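Data first, discussion second: the structure below is written as structure tokens.
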Amino acid sequence: MSVSDTWERGDPYERYVGRWSRRVAPLFLDWLRVPAGSRWLDVGCGTGALSAAILDRCAPASVAGVEPSEGFLATAKANLAGKASLHKGSAATIPLADGSVDAAVSGLVLNFVPDPAAALAEMRRVVRPGGCIAAYVWDYAGKMELMRYFWDAAQELDPAAARLDEGIRFPLCNPEPLSRLFGGEVRGIEVPTPFASFDDYWQPFLGGQGPAPAYAMSLDEGKRNRLRDRLRERLPARSDGSIALTARAWAVRA
Ligand SMILES: C[S@@+](CC[C@H](N)C(=O)[O-])C[C@H]1O[C@@H](n2cnc3c(N)ncnc32)[C@H](O)[C@@H]1O
């Protein structure tokens with residue numbers, strides 16, 4: 001089975017994972033302690049979750065975002081309302097001059113980049129000597145619970161789904177490989193991901209943005225409904241129907 005990761009439409013991405021990246025970003029930035037007045041780059045800025053937090057908390061001199069998806073860039077433009085300069089591009093060829101920013105950061109992107117070491121080299125190129133280079137990714141194999149429940153249920157019904165499980169596909173998303181790649185410090189950042197109901201959990205998967213939703217939408221309706229029902233059985237719902245999960249990101253700085 002071949003299912004692409006799918007980054008096309010910003011609004012469904014926001015409902016699926018953008019809303020949780022927005023909770024991690026401020027904690028990540030507080031950890032970095034980059035001085036006010038800095039020039040920032042957000043690699044793979046998507047719909048603008050991390051850029052928005054930089055604008056809110058870091059009093060930047062400037063924020064540039066680089067993102068390959070036109071659909072996501074359009075949502076980022078609307079979300080950031082002209083406060084960041086947004087460029088279509090990829091982590092492999094960042095369209096900025098050498099040493100032109102003070103901080104280069106990236107949220108939930110590095111594992112999707114074909115060559116993370118080359119991406120890191122590009123981040124180093126555009127950051128001035130002594131500047132900040134840092135990123136966060138989900139702990140897919142462990143405490144990114146909304147996805148962990150999803151892939152565990154998917155594999156109970158279809159062992160072949162293991163090939164698409166982000167916990168298996170992305171060994172980079174663990175403290176040791178991240179620390180090795182960056183030659184730096186890793187820490188966990190945990191945020192609550194509360195769902196008001198099972199529907200609040202399940203509906204965002206139907207938007208098809210990102211690996212797990214793309215997998216859900218690749219199934220025929222019967223199989224998708226079986227996956228939905230299995231998840232309903234497995235998730236720890238409270239008596240009022242709400243579901244309290246946790247998401248952990250691994251943050252790393254060079
Ligand atoms: C999970 S989203 C994260 C978006 C945003 N940074 C956030 O925190 O919500 C992954 C993003 O990586 C982008 N992406 C995928 N491959 C990329 C590459 N080679 N270079 C830069 N960005 C890439 C996708 O288009 C998508 O916007």
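Each chain in the structure tokens gets a letter, A, B and so on, in the order shown; residues start at 1 in every chain, and ligands are counted from 1 in the order they appear.
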Legend entry - Within 9 Å of ligand 1 (only C-alpha atoms and all ligand atoms), residues as a ChimeraX atom specification: /A:5-8,10,13-14,17-22,24-25,42-51,66-73,89-94,106-116,119,136-138,209-210
Contacts of Pro211 in chain A within 8 Å, only C-alpha atoms, excl. fewer than 3 positions in-chain, as a PDB file with N, CA and C atoms, in the first residue's frame:
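Everything below was put into result.pdb:
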```
ATOM      1  N   VAL A   3       0.772   5.281   0.518  1.00  0.00           N
ATOM      2  CA  VAL A   3      -0.039   6.427   0.937  1.00  0.00           C
ATOM      3  C   VAL A   3       0.923   7.588   1.129  1.00  0.00           C
ATOM      4  N   SER A   4       0.630   8.731   0.505  1.00  0.00           N
ATOM      5  CA  SER A   4       1.575   9.850   0.653  1.00  0.00           C
ATOM      6  C   SER A   4       1.278  10.608   1.950  1.00  0.00           C
ATOM      7  N   ASP A   5       2.230  11.420   2.393  1.00  0.00           N
ATOM      8  CA  ASP A   5       2.043  12.124   3.657  1.00  0.00           C
ATOM      9  C   ASP A   5       0.975  13.225   3.555  1.00  0.00           C
ATOM     10  N   THR A   6       0.849  13.863   2.393  1.00  0.00           N
ATOM     11  CA  THR A   6      -0.233  14.802   2.100  1.00  0.00           C
ATOM     12  C   THR A   6      -0.236  16.066   2.950  1.00  0.00           C
ATOM     13  N   LEU A 164       3.363   2.153   7.630  1.00  0.00           N
ATOM     14  CA  LEU A 164       3.039   3.585   7.569  1.00  0.00           C
ATOM     15  C   LEU A 164       3.083   4.250   8.933  1.00  0.00           C
ATOM     16  N   GLU A 166       4.087   6.115  11.944  1.00  0.00           N
ATOM     17  CA  GLU A 166       5.158   7.109  12.091  1.00  0.00           C
ATOM     18  C   GLU A 166       6.145   6.728  13.204  1.00  0.00           C
ATOM     19  N   ALA A 214      -4.139  10.600   6.051  1.00  0.00           N
ATOM     20  CA  ALA A 214      -4.051  10.124   4.663  1.00  0.00           C
ATOM     21  C   ALA A 214      -4.319   8.621   4.621  1.00  0.00           C
ATOM     22  N   TYR A 215      -3.819   7.896   5.633  1.00  0.00           N
ATOM     23  CA  TYR A 215      -4.089   6.454   5.685  1.00  0.00           C
ATOM     24  C   TYR A 215      -5.592   6.210   5.891  1.00  0.00           C
TER      25      TYR A 215
END
```
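Across the model, the gap from CA of Glu145 in chain A to CA of Ser242 in chain A is 14.8 Å.
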Inset, instruction - Rank nothing, just name the residue among A:Ala103, A:Leu181, A:Ala237, A:Thr75 nearest to Ala121 in chain A, using only C-alpha atoms. - result: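 Smallest separation from Ala121 in chain A among the options: A:Leu181.
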Inset, instruction - Identify which of the residues A:Val186, A:Met147, A:Leu157, A:Ala162 lies closest to Trp202 in chain A, counting only C-alpha atoms when measuring atom-to-atom distances. - result: A:Met147
